[in-house]
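Asks: Before anything else, here's the structure in question.
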Amino acid sequence: MARRIDVTGAGGVRLAAWEFGDPPKGEPAALLPEQRVADGTRAGDPGIGPGDHDRSPGVLLLHGLMGRASHWASTARWLSERHRAIALDQRGHGQSGKPSQAAFTREAYVEDAEAALEQLGLAPAVLIGHAMGALTAWQLAARRPDLVCGLVICDMRASALGAASQREWADWFKSWPLPFATLADVRKWFGEDDPWVERPNPARGEFYAEVMHESPDGWRPVFEPDQMLRSRETWVYDAHWEELAQVRCPTLVVRGLDGELGRAEAQEMVRVLPRGQYAEVADAGHLVHYDQPEAWRTAIEPFLDAVLAP
């Protein structure tokens, strides 16, 4: 089961949040007035709302660039057995708003996550972020320690990536053979034919199939590539070590052995973090939680159990 709750992000951008699993049992809790549930339930309906965090510690999951909340489904479902787990479609992604004039700055993404925690009544929560979502998570944890009790950083570098990296991404977007005729073509191109793929990777093909929608001329991404590049350029030129050092809550840094975050940098991130821990997942690339969901669970569950213990 996935229940959608609309929240309001920075600048009034509408954000879609998704609560996975059966809602915790207990007394009904009212939604905030600005919240709306997509299945037609209204404020005051049981199962969700600001009061639910009193019954179960909250977890907010933040996807990476081009991702969407559904990429967290397997993680959110096992989390929801004991905790309130909500994944956010960040601005420009999934079913959240994509206004052409919206801000796609670091500040906007962080303010969106802050608004989600407050409007959903999750805080103090554990933030689990992948790539760009991990950067958003640690920037929020540094800025609002009162809202965050734990943090999982999945495959995101603290070092600056530079202008060459941004140019490579712009060229990569141009190489996509849009529109794709079928979803099978999407899976094949991103899983096999994409020049960035070193060896066949069916999980990568499935990951990108989830961010496509059918348009009159074929299958296209649910996001605007230009908005993705605008989002990315706000972090690639800067290092983020100083903000990392300001995170006071327990933090787990996770990398895939074949991911983008190297072991040396990951271990340096752990050293810089006041309460950092380290884990790695074998046979996983950048999409750690998607490549190896069971190994991912094994890597993070003990940390979460400790942080979220009653």
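Just so we're on the same page: first chain in the structure tokens is A, next is B, and so on; residues restart at 1 for each chain, and ligands are numbered from 1 in the order they show up.
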I'd like to know which residues of region 214-297 of chain A are strand (DSSP E) (by DSSP, run on the backbone); could you write them as a PDB file with N, CA and C atoms, in the first residue's frame?
Replies:
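And here's selection-v6.pdb as it stands now:
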```
ATOM      1  N   GLU A 214       4.305   7.637 -20.554  1.00  0.00           N
ATOM      2  CA  GLU A 214       3.925   7.541 -21.959  1.00  0.00           C
ATOM      3  C   GLU A 214       3.353   8.869 -22.440  1.00  0.00           C
ATOM      4  N   SER A 215       3.925   9.376 -23.510  1.00  0.00           N
ATOM      5  CA  SER A 215       3.466  10.611 -24.147  1.00  0.00           C
ATOM      6  C   SER A 215       2.952  10.263 -25.540  1.00  0.00           C
ATOM      7  N   GLY A 218       5.672   8.541 -27.620  1.00  0.00           N
ATOM      8  CA  GLY A 218       6.495   7.490 -27.048  1.00  0.00           C
ATOM      9  C   GLY A 218       6.754   7.736 -25.570  1.00  0.00           C
ATOM     10  N   TRP A 219       7.804   7.142 -25.032  1.00  0.00           N
ATOM     11  CA  TRP A 219       8.107   7.214 -23.603  1.00  0.00           C
ATOM     12  C   TRP A 219       9.189   8.255 -23.337  1.00  0.00           C
ATOM     13  N   ARG A 220       8.881   9.172 -22.434  1.00  0.00           N
ATOM     14  CA  ARG A 220       9.788  10.256 -22.078  1.00  0.00           C
ATOM     15  C   ARG A 220       9.916  10.360 -20.563  1.00  0.00           C
ATOM     16  N   PRO A 221      10.978  11.001 -20.067  1.00  0.00           N
ATOM     17  CA  PRO A 221      11.137  11.112 -18.610  1.00  0.00           C
ATOM     18  C   PRO A 221      10.056  11.988 -17.988  1.00  0.00           C
ATOM     19  N   THR A 251      25.417   9.131  12.166  1.00  0.00           N
ATOM     20  CA  THR A 251      25.348   9.126  10.700  1.00  0.00           C
ATOM     21  C   THR A 251      26.068   7.917  10.148  1.00  0.00           C
ATOM     22  N   LEU A 252      25.404   7.219   9.244  1.00  0.00           N
ATOM     23  CA  LEU A 252      25.987   6.065   8.568  1.00  0.00           C
ATOM     24  C   LEU A 252      26.274   6.429   7.118  1.00  0.00           C
ATOM     25  N   VAL A 253      27.523   6.280   6.710  1.00  0.00           N
ATOM     26  CA  VAL A 253      27.916   6.514   5.319  1.00  0.00           C
ATOM     27  C   VAL A 253      28.003   5.157   4.622  1.00  0.00           C
ATOM     28  N   VAL A 254      27.199   4.985   3.565  1.00  0.00           N
ATOM     29  CA  VAL A 254      27.115   3.705   2.859  1.00  0.00           C
ATOM     30  C   VAL A 254      27.561   3.898   1.413  1.00  0.00           C
ATOM     31  N   ARG A 255      28.369   2.978   0.924  1.00  0.00           N
ATOM     32  CA  ARG A 255      28.777   3.024  -0.477  1.00  0.00           C
ATOM     33  C   ARG A 255      28.653   1.637  -1.097  1.00  0.00           C
ATOM     34  N   GLY A 256      28.394   1.613  -2.408  1.00  0.00           N
ATOM     35  CA  GLY A 256      28.509   0.380  -3.158  1.00  0.00           C
ATOM     36  C   GLY A 256      29.952   0.232  -3.621  1.00  0.00           C
ATOM     37  N   GLY A 276      30.170   9.576  13.016  1.00  0.00           N
ATOM     38  CA  GLY A 276      30.068   8.834  11.767  1.00  0.00           C
ATOM     39  C   GLY A 276      30.367   7.353  11.888  1.00  0.00           C
ATOM     40  N   GLN A 277      29.680   6.569  11.053  1.00  0.00           N
ATOM     41  CA  GLN A 277      29.930   5.132  10.921  1.00  0.00           C
ATOM     42  C   GLN A 277      30.003   4.798   9.430  1.00  0.00           C
ATOM     43  N   TYR A 278      30.547   3.624   9.131  1.00  0.00           N
ATOM     44  CA  TYR A 278      30.803   3.264   7.734  1.00  0.00           C
ATOM     45  C   TYR A 278      30.229   1.891   7.417  1.00  0.00           C
ATOM     46  N   ALA A 279      29.695   1.751   6.189  1.00  0.00           N
ATOM     47  CA  ALA A 279      29.238   0.441   5.692  1.00  0.00           C
ATOM     48  C   ALA A 279      29.390   0.425   4.182  1.00  0.00           C
ATOM     49  N   GLU A 280      29.625  -0.741   3.640  1.00  0.00           N
ATOM     50  CA  GLU A 280      29.685  -0.869   2.189  1.00  0.00           C
ATOM     51  C   GLU A 280      28.935  -2.115   1.750  1.00  0.00           C
ATOM     52  N   VAL A 281      28.456  -2.068   0.510  1.00  0.00           N
ATOM     53  CA  VAL A 281      27.641  -3.157  -0.031  1.00  0.00           C
ATOM     54  C   VAL A 281      28.341  -3.723  -1.245  1.00  0.00           C
TER      55      VAL A 281
END
```
Asks: Quick one: which region 149-249 of chain A residues come within 7 Å of region 134-138 of chain A, and what is the nearest atom pair for each with the distance in Å to one decimal, counting only C-alpha atoms, rows ordered by chain and ascending number, as a tab-separated table?
Replies:
```
residue	atom	partner	partner_atom	distance
A:Ile153	CA	A:Ala134	CA	5.0
A:Cys154	CA	A:Ala134	CA	6.3
A:Met156	CA	A:Ala134	CA	6.4
A:Leu244	CA	A:Trp138	CA	6.4
A:Val247	CA	A:Trp138	CA	6.7
```
Asks: Write a file of the selected residues as a short mmCIF file (atom, residue, chain, number, x, y, z; two decimals), in the first residue's frame, keeping C-alpha atoms.
Replies:
```cif
data_model
loop_
_atom_site.label_atom_id
_atom_site.label_comp_id
_atom_site.auth_asym_id
_atom_site.auth_seq_id
_atom_site.Cartn_x
_atom_site.Cartn_y
_atom_site.Cartn_z
CA ILE A 153 24.15 8.91 3.49
CA CYS A 154 24.09 6.61 0.45
CA MET A 156 27.16 10.85 -2.22
CA LEU A 244 29.17 17.50 6.96
CA VAL A 247 26.03 17.14 11.54
#
```
Asks: What's the 12 Å shell around region 193-208 of chain A, counting only C-alpha atoms, without same-chain residues fewer than 3 positions away, as a PyMOL selection string?
Replies: chain A and resi 63-73+94+168-169+171-177+180+183-190+211-213+219-223+258+283-293
Asks: Can you work out which one of A:Glu294, A:Thr75, A:Gln119, A:Pro99 has the shortest atom-to-atom distance to Ile5 (chain A), counting only C-alpha atoms?
Replies: A:Gln119
Asks: Tell me, in Å to one decimal, how far CA of Gln139 (chain A) is from CA of Trp241 (chain A).
Replies: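 Interatomic distance here is 10.4 Å.
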Asks: Could you work out how far CA of Gln101 (chain A) lies from CA of His240 (chain A), giving the answer in Å with one decimal?
Replies: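 So the answer is 26.4 Å.
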Asks: Which neighbours of Tyr109 (chain A) fall inside 12 Å, counting only C-alpha atoms, when residues of the same chain fewer than 6 positions from it are skipped, and could you give them as number ranges by chain?
Replies: A: 9-11, 13, 15, 62-65, 88-93, 102-103, 115-116, 132-140, 231-232, 234-235
Asks: Would you save the residues of that selection, restricted to N, CA and C atoms, as a compact mmCIF listing (two decimals), in the first residue's frame?
Replies:
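For reference, result-v7.txt as written:
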```txt
# COMPACT_ATOMS: atom_id res chain seq x y z
N GLY A 9 5.97 22.86 -0.39
CA GLY A 9 7.39 23.13 -0.26
C GLY A 9 7.71 24.60 -0.38
N ALA A 10 8.99 24.90 -0.47
CA ALA A 10 9.46 26.28 -0.57
C ALA A 10 8.85 26.96 -1.79
N GLY A 11 8.45 28.21 -1.61
CA GLY A 11 7.87 28.96 -2.71
C GLY A 11 6.50 28.46 -3.14
N VAL A 13 5.65 25.36 -3.91
CA VAL A 13 5.67 24.21 -4.82
C VAL A 13 4.99 23.02 -4.15
N LEU A 15 4.40 19.29 -3.33
CA LEU A 15 5.24 18.10 -3.25
C LEU A 15 4.38 16.89 -2.91
N LEU A 62 14.80 10.27 0.87
CA LEU A 62 15.02 11.27 -0.16
C LEU A 62 15.81 10.65 -1.32
N HIS A 63 15.18 10.59 -2.48
CA HIS A 63 15.82 9.99 -3.67
C HIS A 63 16.90 10.92 -4.22
N GLY A 64 17.64 10.40 -5.20
CA GLY A 64 18.66 11.20 -5.85
C GLY A 64 18.15 11.92 -7.09
N LEU A 65 19.05 12.60 -7.77
CA LEU A 65 18.71 13.32 -8.99
C LEU A 65 18.08 12.36 -9.99
N LEU A 88 9.67 11.05 -0.29
CA LEU A 88 9.25 12.31 -0.90
C LEU A 88 9.65 12.37 -2.36
N ASP A 89 8.70 12.70 -3.24
CA ASP A 89 9.05 13.11 -4.60
C ASP A 89 9.53 14.55 -4.50
N GLN A 90 10.82 14.77 -4.71
CA GLN A 90 11.34 16.12 -4.56
C GLN A 90 10.94 16.99 -5.75
N ARG A 91 11.04 18.29 -5.59
CA ARG A 91 10.59 19.21 -6.63
C ARG A 91 11.22 18.86 -7.98
N GLY A 92 10.39 18.91 -9.02
CA GLY A 92 10.86 18.57 -10.34
C GLY A 92 10.91 17.08 -10.63
N HIS A 93 10.56 16.26 -9.66
CA HIS A 93 10.67 14.81 -9.78
C HIS A 93 9.31 14.14 -9.53
N ALA A 102 10.32 27.66 -11.01
CA ALA A 102 10.63 27.30 -9.63
C ALA A 102 12.13 27.34 -9.39
N ALA A 103 12.51 27.59 -8.14
CA ALA A 103 13.91 27.55 -7.76
C ALA A 103 14.37 26.09 -7.68
N ALA A 115 10.15 21.34 5.31
CA ALA A 115 8.70 21.50 5.32
C ALA A 115 8.00 20.15 5.42
N ALA A 116 8.53 19.14 4.71
CA ALA A 116 7.92 17.82 4.76
C ALA A 116 7.97 17.24 6.17
N MET A 132 21.98 12.97 -4.47
CA MET A 132 21.54 14.33 -4.19
C MET A 132 20.67 14.38 -2.93
N GLY A 133 19.83 13.38 -2.74
CA GLY A 133 18.98 13.33 -1.55
C GLY A 133 19.79 13.23 -0.27
N ALA A 134 20.95 12.56 -0.34
CA ALA A 134 21.82 12.47 0.83
C ALA A 134 22.43 13.83 1.15
N LEU A 135 22.82 14.58 0.12
CA LEU A 135 23.34 15.92 0.35
C LEU A 135 22.27 16.80 0.99
N THR A 136 21.06 16.75 0.47
CA THR A 136 19.96 17.49 1.07
C THR A 136 19.79 17.10 2.53
N ALA A 137 19.88 15.80 2.80
CA ALA A 137 19.68 15.30 4.16
C ALA A 137 20.74 15.84 5.11
N TRP A 138 22.00 15.81 4.71
CA TRP A 138 23.01 16.26 5.67
C TRP A 138 23.04 17.79 5.79
N GLN A 139 22.65 18.49 4.73
CA GLN A 139 22.54 19.94 4.86
C GLN A 139 21.41 20.32 5.82
N LEU A 140 20.30 19.58 5.76
CA LEU A 140 19.20 19.84 6.68
C LEU A 140 19.59 19.46 8.11
N SER A 231 19.40 21.78 -11.17
CA SER A 231 19.51 21.28 -9.81
C SER A 231 20.94 20.86 -9.50
N ARG A 232 21.55 20.18 -10.45
CA ARG A 232 22.88 19.63 -10.23
C ARG A 232 23.96 20.71 -10.16
N THR A 234 23.99 23.41 -8.83
CA THR A 234 24.04 24.12 -7.56
C THR A 234 24.88 23.38 -6.51
N TRP A 235 25.38 22.19 -6.84
CA TRP A 235 26.27 21.54 -5.87
C TRP A 235 27.59 21.04 -6.45
```
Asks: Enumerate, as a PyMOL selection string, the complete set of residues in region 84-214 of chain A that a backbone-based DSSP assignment places in alpha helix (DSSP H).
Replies: chain A and resi 106-120+132-143+163-175+183-188+202-209
Asks: Which residues are close to Glu19 (chain A), i.e. within 8 Å by only C-alpha atoms, leaving aside same-chain residues fewer than 2 positions away? Reply as number ranges by chain.
Replies: A: 2-5, 17, 21, 23, 84-87
Asks: Just the number, please: distance in Å from CA of Asp112 (chain A) to CA of Gln267 (chain A), one decimal.
Replies: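 If I compute the distance from CA of Asp112 (chain A) to CA of Gln267 (chain A), I get 29.0 Å.
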